[in-house]
file protein.pdb (PDB, C-alpha atoms)
ATOM      1  CA  MET A   1     196.089  33.731 149.184  1.00  0.00           C
ATOM      2  CA  SER A   2     192.649  33.671 147.506  1.00  0.00           C
ATOM      3  CA  LYS A   3     190.562  30.562 147.520  1.00  0.00           C
ATOM      4  CA  PHE A   4     189.103  29.596 144.163  1.00  0.00           C
ATOM      5  CA  ALA A   5     185.549  28.279 144.205  1.00  0.00           C
ATOM      6  CA  VAL A   6     185.771  27.032 140.602  1.00  0.00           C
ATOM      7  CA  GLU A   7     188.850  26.514 138.503  1.00  0.00           C
ATOM      8  CA  THR A   8     189.341  25.017 135.051  1.00  0.00           C
ATOM      9  CA  SER A   9     192.585  24.113 133.361  1.00  0.00           C
ATOM     10  CA  GLY A  10     193.098  23.251 129.698  1.00  0.00           C
ATOM     11  CA  LEU A  11     189.482  22.464 128.816  1.00  0.00           C
ATOM     12  CA  TYR A  12     188.904  21.318 125.242  1.00  0.00           C
ATOM     13  CA  LYS A  13     185.571  20.344 123.692  1.00  0.00           C
ATOM     14  CA  SER A  14     184.551  19.532 120.125  1.00  0.00           C
ATOM     15  CA  PHE A  15     181.242  18.200 118.838  1.00  0.00           C
ATOM     16  CA  ASP A  16     182.629  16.821 115.582  1.00  0.00           C
ATOM     17  CA  ASN A  17     186.001  16.379 113.933  1.00  0.00           C
ATOM     18  CA  THR A  18     185.510  18.937 111.149  1.00  0.00           C
ATOM     19  CA  SER A  19     184.627  22.247 112.816  1.00  0.00           C
ATOM     20  CA  GLY A  20     187.420  22.375 115.387  1.00  0.00           C
ATOM     21  CA  PHE A  21     186.985  23.019 119.085  1.00  0.00           C
ATOM     22  CA  VAL A  22     184.122  24.887 120.744  1.00  0.00           C
ATOM     23  CA  LEU A  23     186.382  25.283 123.787  1.00  0.00           C
ATOM     24  CA  GLU A  24     190.131  25.338 123.257  1.00  0.00           C
ATOM     25  CA  ASP A  25     192.601  25.411 126.166  1.00  0.00           C
ATOM     26  CA  LEU A  26     190.120  27.240 128.406  1.00  0.00           C
ATOM     27  CA  ASN A  27     191.578  28.265 131.767  1.00  0.00           C
ATOM     28  CA  MET A  28     189.410  30.043 134.322  1.00  0.00           C
ATOM     29  CA  LYS A  29     189.564  30.876 138.031  1.00  0.00           C
ATOM     30  CA  VAL A  30     186.560  32.138 139.979  1.00  0.00           C
ATOM     31  CA  ARG A  31     187.208  33.222 143.552  1.00  0.00           C
ATOM     32  CA  GLU A  32     184.881  32.390 146.406  1.00  0.00           C
ATOM     33  CA  GLY A  33     182.138  35.050 146.554  1.00  0.00           C
ATOM     34  CA  GLU A  34     182.931  36.410 143.086  1.00  0.00           C
ATOM     35  CA  PHE A  35     180.227  36.960 140.441  1.00  0.00           C
ATOM     36  CA  VAL A  36     181.150  36.130 136.857  1.00  0.00           C
ATOM     37  CA  SER A  37     179.321  36.704 133.583  1.00  0.00           C
ATOM     38  CA  ILE A  38     180.056  34.610 130.526  1.00  0.00           C
ATOM     39  CA  VAL A  39     179.174  36.500 127.356  1.00  0.00           C
ATOM     40  CA  GLY A  40     179.659  35.824 123.672  1.00  0.00           C
ATOM     41  CA  ALA A  41     178.004  35.123 120.365  1.00  0.00           C
ATOM     42  CA  SER A  42     175.662  32.220 119.811  1.00  0.00           C
ATOM     43  CA  GLY A  43     177.640  29.001 119.408  1.00  0.00           C
ATOM     44  CA  CYS A  44     180.844  30.248 121.042  1.00  0.00           C
ATOM     45  CA  GLY A  45     180.747  27.701 123.905  1.00  0.00           C
ATOM     46  CA  LYS A  46     179.084  29.505 126.858  1.00  0.00           C
ATOM     47  CA  SER A  47     176.483  26.795 127.518  1.00  0.00           C
ATOM     48  CA  THR A  48     178.992  24.054 126.759  1.00  0.00           C
ATOM     49  CA  LEU A  49     181.345  25.439 129.411  1.00  0.00           C
ATOM     50  CA  LEU A  50     178.565  25.549 132.008  1.00  0.00           C
ATOM     51  CA  ARG A  51     177.450  22.010 131.130  1.00  0.00           C
ATOM     52  CA  ILE A  52     181.028  20.736 131.499  1.00  0.00           C
ATOM     53  CA  ILE A  53     181.464  22.462 134.874  1.00  0.00           C
ATOM     54  CA  ALA A  54     178.166  20.962 136.067  1.00  0.00           C
ATOM     55  CA  GLY A  55     179.209  17.503 134.851  1.00  0.00           C
ATOM     56  CA  LEU A  56     176.443  17.219 132.254  1.00  0.00           C
ATOM     57  CA  GLU A  57     178.873  17.168 129.332  1.00  0.00           C
ATOM     58  CA  PRO A  58     182.347  15.609 129.244  1.00  0.00           C
ATOM     59  CA  ALA A  59     185.348  17.638 128.118  1.00  0.00           C
ATOM     60  CA  HIS A  60     187.749  16.028 125.664  1.00  0.00           C
ATOM     61  CA  GLN A  61     190.655  17.216 127.777  1.00  0.00           C
ATOM     62  CA  GLY A  62     191.270  19.349 130.837  1.00  0.00           C
ATOM     63  CA  ARG A  63     190.517  19.457 134.552  1.00  0.00           C
ATOM     64  CA  ILE A  64     187.950  21.074 136.871  1.00  0.00           C
ATOM     65  CA  TRP A  65     188.262  21.886 140.587  1.00  0.00           C
ATOM     66  CA  TYR A  66     185.700  23.021 143.175  1.00  0.00           C
ATOM     67  CA  ASP A  67     187.093  24.461 146.382  1.00  0.00           C
ATOM     68  CA  GLY A  68     190.468  22.896 145.622  1.00  0.00           C
ATOM     69  CA  GLN A  69     189.123  19.374 145.005  1.00  0.00           C
ATOM     70  CA  GLU A  70     189.421  17.925 141.524  1.00  0.00           C
ATOM     71  CA  MET A  71     185.975  17.088 140.164  1.00  0.00           C
ATOM     72  CA  THR A  72     186.785  16.320 136.519  1.00  0.00           C
ATOM     73  CA  ARG A  73     185.527  12.735 136.640  1.00  0.00           C
ATOM     74  CA  VAL A  74     182.950  13.123 139.428  1.00  0.00           C
ATOM     75  CA  ALA A  75     179.361  12.336 138.401  1.00  0.00           C
ATOM     76  CA  ALA A  76     177.046  15.327 137.915  1.00  0.00           C
ATOM     77  CA  HIS A  77     174.740  14.394 140.799  1.00  0.00           C
ATOM     78  CA  ARG A  78     177.713  14.314 143.198  1.00  0.00           C
ATOM     79  CA  ARG A  79     178.993  17.787 142.227  1.00  0.00           C
ATOM     80  CA  GLN A  80     176.039  19.621 143.813  1.00  0.00           C
ATOM     81  CA  ILE A  81     176.039  22.231 141.057  1.00  0.00           C
ATOM     82  CA  GLY A  82     172.789  23.726 139.821  1.00  0.00           C
ATOM     83  CA  LEU A  83     172.377  24.934 136.263  1.00  0.00           C
ATOM     84  CA  MET A  84     169.377  26.807 134.926  1.00  0.00           C
ATOM     85  CA  PHE A  85     169.379  28.311 131.461  1.00  0.00           C
ATOM     86  CA  GLN A  86     167.231  31.263 130.436  1.00  0.00           C
ATOM     87  CA  ASP A  87     164.970  28.922 128.452  1.00  0.00           C
ATOM     88  CA  HIS A  88     161.902  28.410 130.623  1.00  0.00           C
ATOM     89  CA  ALA A  89     160.794  25.164 128.947  1.00  0.00           C
ATOM     90  CA  LEU A  90     161.665  22.901 131.873  1.00  0.00           C
ATOM     91  CA  PHE A  91     158.682  23.776 134.073  1.00  0.00           C
ATOM     92  CA  PRO A  92     156.545  26.381 132.299  1.00  0.00           C
ATOM     93  CA  HIS A  93     153.664  25.680 134.716  1.00  0.00           C
ATOM     94  CA  LEU A  94     155.743  26.510 137.835  1.00  0.00           C
ATOM     95  CA  THR A  95     156.962  29.787 139.273  1.00  0.00           C
ATOM     96  CA  VAL A  96     160.708  30.375 139.770  1.00  0.00           C
ATOM     97  CA  ALA A  97     160.344  29.564 143.491  1.00  0.00           C
ATOM     98  CA  GLN A  98     158.440  26.352 142.722  1.00  0.00           C
ATOM     99  CA  THR A  99     161.055  25.305 140.143  1.00  0.00           C
ATOM    100  CA  VAL A 100     163.903  25.815 142.629  1.00  0.00           C
ATOM    101  CA  ALA A 101     161.942  24.025 145.378  1.00  0.00           C
ATOM    102  CA  TYR A 102     161.340  21.063 143.047  1.00  0.00           C
ATOM    103  CA  GLY A 103     165.085  20.625 142.508  1.00  0.00           C
ATOM    104  CA  ILE A 104     165.766  20.768 146.233  1.00  0.00           C
ATOM    105  CA  ALA A 105     163.014  18.274 147.064  1.00  0.00           C
ATOM    106  CA  HIS A 106     164.127  15.808 144.367  1.00  0.00           C
ATOM    107  CA  GLN A 107     167.901  15.829 144.777  1.00  0.00           C
ATOM    108  CA  PRO A 108     169.588  12.377 144.758  1.00  0.00           C
ATOM    109  CA  ARG A 109     170.419  10.827 148.103  1.00  0.00           C
ATOM    110  CA  ASP A 110     173.576   8.755 148.629  1.00  0.00           C
TER     111      ASP A 110
END
call {"tool": "encode", "arguments": {"input": "protein.pdb", "output": "structure tokens"}}
result
Amino acid sequence: MSKFAVETSGLYKSFDNTSGFVLEDLNMKVREGEFVSIVGASGCGKSTLLRIIAGLEPAHQGRIWYDGQEMTRVAAHRRQIGLMFQDHALFPHLTVAQTVAYGIAHQPRD
């Protein structure tokens, strides 16, 4: 039986009540060690999905698991998930290695 590193079930997300859902009943399973690409047109929900998985954005409905543990309501800083978009505006004065090192050095302590 395969172990799933990340799993979502029934994720829904809307940003207003008029345009419908950005994510609608999204179900996904990513196995441990598997590489996944999320592709689609601008505005289709790729970044929203990643933000929800990382805990930076709440879903309206649905559940998220990491390594079999439900994390749907766990705070972002307790999920230990990193998220870096292609936009380099966070630290334009740092190299990639320096940006990653900054995140490691400044992670929250319990």
call {"tool": "atom_distance", "arguments": {"input": "protein.pdb", "atom1": "CA of Val6 in chain A", "atom2": "CA of Leu83 in chain A"}}
result
14.2 Å
call {"tool": "closest_residue", "arguments": {"input": "protein.pdb", "among": "A:Lys46, A:Arg79, A:Lys13, A:Arg31", "to": "Pro58 in chain A", "atoms": "only C-alpha atoms"}}
result
A:Lys13
call {"tool": "residues_around", "arguments": {"input": "protein.pdb", "residues": "His77 in chain A", "least_positions_apart": "2", "cutoff": "10 Å", "atoms": "all atoms listed in the file", "output": "list in words"}}
result
Ala54, Gly55, Leu56, Val74, Ala75, Arg79, Gln80, Ile81, Gly82, Gln107, Pro108, Arg109 and Asp110 of chain A
call {"tool": "resolve_selection", "arguments": {"input": "protein.pdb", "expression": "the PyMOL selection byres ((chain A and resi 4) around 8)", "output": "VMD selection string"}}
result
chain A and resid 2 to 3 5 to 7 29 to 32 66 to 68
call {"tool": "atom_distance", "arguments": {"input": "protein.pdb", "atom1": "CA of Asp16 in chain A", "atom2": "CA of Val36 in chain A"}}
result
28.8 Å
call {"tool": "closest_residue", "arguments": {"input": "protein.pdb", "among": "A:Gln61, A:Thr95, A:Gly43, A:Ile38", "to": "Ser19 in chain A", "atoms": "only C-alpha atoms"}}
result
A:Gly43
call {"tool": "atom_distance", "arguments": {"input": "protein.pdb", "atom1": "CA of Arg73 in chain A", "atom2": "CA of Tyr102 in chain A"}}
result
26.4 Å
